[in-house]
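Reviewing the structure listed below.
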Amino acid sequence: MLLWSLIFAVSTLAFGLSAVSGGGAGLILMPLLGLAVPAAQVPAALSIGTAASSLARIAAFRRAVRWDVVRHFAPTALPFAMLGAWALSRMDPVYLNLLLGLFLVGNVPLLFRRTPHMVNDKGADGGTPHQAWLSAIGAAAGFLSGFTGAVGLLFNGFYYRLGLRKEEIVATRAANEIMLHLLKLALYGAFGLLDARGLAAGAAVAAAAILSSLLMRRILPYLHERLFRHVGHVATVAAGVAMLVAAGGQIARQDRLALHYAHAPTQIAASLSWRRHVFAVEWEPHDELELSHSIRDWTLGDRPRAAAPPPHSYILHVSPHKGLYDTRI
């Protein structure tokens with residue numbers, strides 16, 4: 001019961017932040033939902049909540065929806081969301097999450113920009129933005145959303161470049177995403193990625209999302225446009241850090257990622273192990289440096305032995321006396 005109450009409370013706050021920042025609720029909630037449902041069902045449970053949030057935001061800000069953007073974004077987003085959901089049923093998205101985290105953290109310079117970068121990227125007629133550009137963004141958003149469940153913050157720059165007001169960003173994003181979330185839910189069900197516990201978690205998130213939308217309808221008009229965008233940049237970087245930590249921890253566990261260090265009177269050794277690979281650096285007697293790559297033999301245990309490298313090893317020696325040479329074991 002405590003966990004469900006925590007999910008509801010955090011979801012309310014997360015969707016409130018999402019309305020201001022342009023996204024990020026899913027990235028905040030994914031680690032928490034992972035405590036309630038299996039990892040493969042987190043995107044599905046999250047999509048229930050985000051679908052409810054999109055419906056509530058469309059209702060609350062219906063006059064601000066930019067339909068000229070929606071009609072070019074949605075047609076490519078939907079089929080690529082199907083591809084992303086299919087990919088999720090066949091592979092682990094953890095490495096993609098790590099790359100997305102790095103991309104989000106790359107927005108750090110925007111935190112120190114005095115004046116928000118305002119660009120109105122429209123077509124030659126000064127009206128609707130370029131159709132090809134909108135379609136490409138829709139395809140990317142669809143695939144990443146289907147594969148990871150939540151990538152709204154990745155596309156903050158897209159909405160800012162359109163020169164939209166804060167109400168238009170909230171409303172247009174919701175209109176772009178509503179069919180996407182409903183399609184993903186159908187696909188997750190078809191691929192067996194949603195069960196009763198996932199539905200319960202999604203319902204808790206959905207109730208919180210609706211409550212948050214009602215509250216933000218009252219609060220949003222009082223926020224300055226500059227503050228609105230600055231909060232978006234802060235949320236983007238914070239979400240990137242969270243994704244890096246979460247994905248890094250998961251990779252360390254599932255791929256046996258470990259760093260080892262040893263120090264002896266005559267030598268110093270450090271190694272990084274990943275899956276069956278071991279990358280090592282050793283400082284040997286007589287000022288010789290060794291760089292090695294080994295394919296680990298699981299029968300010898302998880303930790304490589306400095307004195308006797310595992311089979312299938314390549315060692316590059318750097319010596320002031322013998323020069324540069326290599327050995328294979």
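Note on naming: chains are A, B, ... as they come in the structure tokens, residues start from 1 per chain, ligands start from 1 in the order shown.
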
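Neighbours of Ser54 of chain A closer than or equal to 7 Å, with only C-alpha atoms counted and sequence neighbours fewer than 3 positions away skipped, come out as Thr50, Ala51, Arg57, Ile58, Ala174, Ala175, Glu177 and Ile178 of chain A.
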
Check: What lies within 10 Å of segment 208-213 of chain A using only C-alpha atoms, ignoring chain neighbours under 3 positions off, as an MDAnalysis selection string?
Finding: chainID A and resid 7:19 25 48:61 202:205 216:219

Notebook entry, point to check: So how many Å separate atom CA of Tyr160 of chain A and atom CA of Leu183 of chain A, to one decimal?
Noted result: 26.1 Å

Next item on the list: Find, counting only C-alpha atoms, the residue in A:His321, A:His260, A:Arg66, A:Arg328 that gets nearest to His293 of chain A.
Entry: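 For His293 of chain A, the nearest of the candidates is A:Arg328.
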
Note to self: Excluding Ser89 of chain A and its own-chain neighbours fewer than 3 positions away, which residues fall within 7 Å of it when counting only C-alpha atoms? Please give them as a PyMOL selection string.
What the structure shows: chain A and resi 85-86+191

For the selection you just gave me, I'd like the residues written to a file as a PDB file, in the first residue's frame, keeping all heavy atoms.
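out.pdb was written with the following content:
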```
ATOM      1  N   ALA A  85       7.835  -0.765 -30.394  1.00  0.00           N
ATOM      2  CA  ALA A  85       7.247  -1.745 -29.478  1.00  0.00           C
ATOM      3  C   ALA A  85       7.664  -3.162 -29.853  1.00  0.00           C
ATOM      4  O   ALA A  85       7.912  -4.003 -28.982  1.00  0.00           O
ATOM      5  CB  ALA A  85       5.724  -1.618 -29.496  1.00  0.00           C
ATOM      6  N   TRP A  86       7.733  -3.433 -31.159  1.00  0.00           N
ATOM      7  CA  TRP A  86       8.200  -4.747 -31.613  1.00  0.00           C
ATOM      8  C   TRP A  86       9.651  -4.970 -31.187  1.00  0.00           C
ATOM      9  O   TRP A  86      10.019  -6.046 -30.724  1.00  0.00           O
ATOM     10  CB  TRP A  86       8.081  -4.835 -33.135  1.00  0.00           C
ATOM     11  CG  TRP A  86       8.685  -6.073 -33.715  1.00  0.00           C
ATOM     12  CD1 TRP A  86       8.108  -7.311 -33.828  1.00  0.00           C
ATOM     13  CD2 TRP A  86      10.015  -6.201 -34.275  1.00  0.00           C
ATOM     14  NE1 TRP A  86       8.982  -8.194 -34.408  1.00  0.00           N
ATOM     15  CE2 TRP A  86      10.152  -7.547 -34.687  1.00  0.00           C
ATOM     16  CE3 TRP A  86      11.058  -5.310 -34.455  1.00  0.00           C
ATOM     17  CZ2 TRP A  86      11.327  -8.013 -35.276  1.00  0.00           C
ATOM     18  CZ3 TRP A  86      12.238  -5.771 -35.034  1.00  0.00           C
ATOM     19  CH2 TRP A  86      12.361  -7.106 -35.441  1.00  0.00           C
ATOM     20  N   PHE A 191       1.767  -8.003 -27.490  1.00  0.00           N
ATOM     21  CA  PHE A 191       3.066  -8.639 -27.291  1.00  0.00           C
ATOM     22  C   PHE A 191       3.204  -9.251 -25.898  1.00  0.00           C
ATOM     23  O   PHE A 191       4.284  -9.708 -25.526  1.00  0.00           O
ATOM     24  CB  PHE A 191       4.194  -7.628 -27.508  1.00  0.00           C
ATOM     25  CG  PHE A 191       4.324  -7.176 -28.943  1.00  0.00           C
ATOM     26  CD1 PHE A 191       4.597  -5.851 -29.250  1.00  0.00           C
ATOM     27  CD2 PHE A 191       4.164  -8.075 -29.988  1.00  0.00           C
ATOM     28  CE1 PHE A 191       4.720  -5.428 -30.566  1.00  0.00           C
ATOM     29  CE2 PHE A 191       4.281  -7.664 -31.306  1.00  0.00           C
ATOM     30  CZ  PHE A 191       4.561  -6.344 -31.601  1.00  0.00           C
TER      31      PHE A 191
END
```

Next item on the list: Using atom CA of Ala136 of chain A and atom CA of Val20 of chain A as the two end points, give the distance in Å to one decimal.
Entry: 25.0 Å

Note to self: I'd like the neighbourhood of Leu35 of chain A as JSON, numbers by chain, where a residue qualifies if any of its atoms comes within 12 Å (using only C-alpha atoms), though same-chain residues fewer than 6 positions away should be ignored.
What the structure shows: {"A": [2, 3, 4, 6, 7, 29, 41, 42, 197, 198, 201]}

Note to self: Taking 4 positions as the minimum chain separation for residues in the same chain, which residues sit within 10 Å of Ala132 of chain A when counting only C-alpha atoms? Answer as a list in words.
What the structure shows: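 In the requested format, the answer is His72, Phe73, Ala136, Ile137 and Gly138 of chain A.
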
Note to self: Give me the residues near Gly142 of chain A as a ChimeraX atom specification, where near means some atom within 8 Å (using only C-alpha atoms) and where sequence neighbours in that chain fewer than 4 positions away do not count.
What the structure shows: /A:76-82,84,138,146,180

Selected residues, N, CA and C atoms, written as a PDB file, in the first residue's frame, please.
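So selection.pdb came out as:
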```
ATOM      1  N   THR A  76       3.730   9.659 -39.296  1.00  0.00           N
ATOM      2  CA  THR A  76       4.962   8.871 -39.244  1.00  0.00           C
ATOM      3  C   THR A  76       5.239   8.340 -37.839  1.00  0.00           C
ATOM      4  N   ALA A  77       4.745   9.028 -36.812  1.00  0.00           N
ATOM      5  CA  ALA A  77       4.989   8.576 -35.442  1.00  0.00           C
ATOM      6  C   ALA A  77       4.314   7.234 -35.170  1.00  0.00           C
ATOM      7  N   LEU A  78       3.116   7.034 -35.684  1.00  0.00           N
ATOM      8  CA  LEU A  78       2.364   5.818 -35.376  1.00  0.00           C
ATOM      9  C   LEU A  78       3.028   4.547 -35.899  1.00  0.00           C
ATOM     10  N   PRO A  79       3.390   4.458 -37.185  1.00  0.00           N
ATOM     11  CA  PRO A  79       4.039   3.215 -37.629  1.00  0.00           C
ATOM     12  C   PRO A  79       5.386   2.972 -36.978  1.00  0.00           C
ATOM     13  N   PHE A  80       6.132   4.030 -36.700  1.00  0.00           N
ATOM     14  CA  PHE A  80       7.433   3.830 -36.067  1.00  0.00           C
ATOM     15  C   PHE A  80       7.282   3.459 -34.597  1.00  0.00           C
ATOM     16  N   ALA A  81       6.180   3.830 -33.963  1.00  0.00           N
ATOM     17  CA  ALA A  81       5.911   3.360 -32.602  1.00  0.00           C
ATOM     18  C   ALA A  81       5.675   1.851 -32.605  1.00  0.00           C
ATOM     19  N   MET A  82       5.020   1.351 -33.653  1.00  0.00           N
ATOM     20  CA  MET A  82       4.837  -0.094 -33.789  1.00  0.00           C
ATOM     21  C   MET A  82       6.186  -0.799 -33.902  1.00  0.00           C
ATOM     22  N   GLY A  84       9.030   0.339 -32.731  1.00  0.00           N
ATOM     23  CA  GLY A  84       9.697   0.431 -31.441  1.00  0.00           C
ATOM     24  C   GLY A  84       9.159  -0.575 -30.436  1.00  0.00           C
ATOM     25  N   GLY A 138       8.586  13.132 -36.127  1.00  0.00           N
ATOM     26  CA  GLY A 138       7.527  12.222 -35.710  1.00  0.00           C
ATOM     27  C   GLY A 138       7.977  10.772 -35.728  1.00  0.00           C
ATOM     28  N   GLY A 146       8.039   4.057 -28.474  1.00  0.00           N
ATOM     29  CA  GLY A 146       7.632   2.659 -28.438  1.00  0.00           C
ATOM     30  C   GLY A 146       8.683   1.775 -27.801  1.00  0.00           C
ATOM     31  N   LEU A 180      -0.441   7.999 -30.184  1.00  0.00           N
ATOM     32  CA  LEU A 180       0.782   7.219 -30.000  1.00  0.00           C
ATOM     33  C   LEU A 180       0.672   6.338 -28.758  1.00  0.00           C
TER      34      LEU A 180
END
```

Next item on the list: as a ChimeraX atom specification, list the residues of segment 36-276 of chain A assigned to strand (DSSP E) by DSSP on the backbone atoms of this structure.
Entry: /A:258-263,268-274

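Comparing the minimum interatomic distances between Pro75 of chain A and each of A:Ser319, A:Met179, A:Tyr314, A:His277, counting only C-alpha atoms, we find that A:Met179 sits nearest.
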
Note to self: With distances taken over only C-alpha atoms, which residue among A:Ala238, A:Leu185, A:Leu88, A:Val318 lies nearest Gly23 of chain A?
What the structure shows: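 Counting only C-alpha atoms, the residue closest to Gly23 of chain A is A:Ala238.
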
Check: Which residues come within 10 Å of segment 263-273 of chain A, counting only C-alpha atoms, excluding same-chain residues fewer than 5 positions away, as a list in words?
Finding: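 Here the qualifying residues turn out to be Ala252, Asp255, Arg256, Leu257, Ala258, Val278, Phe279, Ala280, Val281, Glu282, Trp283, Glu284, Pro285, His286, Asp287, Glu288, Leu289, Glu290, Leu291, Ser292, His293, Ser294, Ile295, Arg296, Asp302, Arg303, Pro304 and Ala306 of chain A.
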
Please dump the current selection as an mmCIF file, in the first residue's frame; keep C-alpha atoms.
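Writing done, so here's part_23.cif:
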```
data_model
loop_
_atom_site.group_PDB
_atom_site.id
_atom_site.type_symbol
_atom_site.label_atom_id
_atom_site.label_comp_id
_atom_site.auth_asym_id
_atom_site.auth_seq_id
_atom_site.Cartn_x
_atom_site.Cartn_y
_atom_site.Cartn_z
ATOM 1 C CA ALA A 252 26.787 -3.235 -14.358
ATOM 2 C CA ASP A 255 26.759 -7.564 -17.986
ATOM 3 C CA ARG A 256 29.041 -8.067 -14.974
ATOM 4 C CA LEU A 257 30.685 -4.687 -15.424
ATOM 5 C CA ALA A 258 33.380 -4.264 -12.796
ATOM 6 C CA VAL A 278 38.657 -7.915 -19.726
ATOM 7 C CA PHE A 279 40.610 -4.750 -20.527
ATOM 8 C CA ALA A 280 43.667 -4.319 -18.308
ATOM 9 C CA VAL A 281 46.567 -1.944 -17.711
ATOM 10 C CA GLU A 282 49.657 -3.090 -15.780
ATOM 11 C CA TRP A 283 52.855 -1.354 -14.806
ATOM 12 C CA GLU A 284 55.474 -4.095 -14.654
ATOM 13 C CA PRO A 285 58.990 -4.099 -13.179
ATOM 14 C CA HIS A 286 61.691 -2.440 -15.271
ATOM 15 C CA ASP A 287 59.259 0.366 -16.233
ATOM 16 C CA GLU A 288 57.280 -1.719 -18.715
ATOM 17 C CA LEU A 289 53.641 -0.887 -19.446
ATOM 18 C CA GLU A 290 51.231 -3.619 -20.564
ATOM 19 C CA LEU A 291 47.848 -3.016 -22.206
ATOM 20 C CA SER A 292 45.793 -6.173 -22.637
ATOM 21 C CA HIS A 293 42.465 -7.459 -23.854
ATOM 22 C CA SER A 294 41.301 -10.900 -22.735
ATOM 23 C CA ILE A 295 38.343 -13.126 -23.484
ATOM 24 C CA ARG A 296 37.397 -14.443 -20.082
ATOM 25 C CA ASP A 302 34.916 -13.902 -12.766
ATOM 26 C CA ARG A 303 38.149 -12.143 -11.845
ATOM 27 C CA PRO A 304 41.206 -12.270 -14.134
ATOM 28 C CA ALA A 306 47.261 -10.704 -13.181
#
```

Next item on the list: Could you please write out, as a ChimeraX atom specification, every residue of segment 228-271 of chain A that DSSP assigns to helix (DSSP H, G or I)?
Entry: /A:228-254

Check: Using only C-alpha atoms, which residue out of A:Gly189, A:Gly249, A:Pro109, A:Gly101 lies closest to Ala40 of chain A?
Finding: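 That would be A:Gly189, the residue with the smallest distance to Ala40 of chain A.
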
Margin query: So the first atom is atom CA of Ser313 of chain A and the second is atom CA of Ile329 of chain A; what is the distance between them in Å, to one decimal place?
Written below: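 Separation of atom CA of Ser313 of chain A and atom CA of Ile329 of chain A: 5.0 Å.
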
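Among the candidates A:Asn97, A:Asn176, A:Ser145, A:Thr236, the residue lying nearest to Gln250 of chain A is A:Asn97 (atoms considered: only C-alpha atoms).
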
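Closest to Ala207 of chain A among A:Lys184, A:Ser5, A:Leu324, A:Ala242 is A:Ser5, based on only C-alpha atoms.
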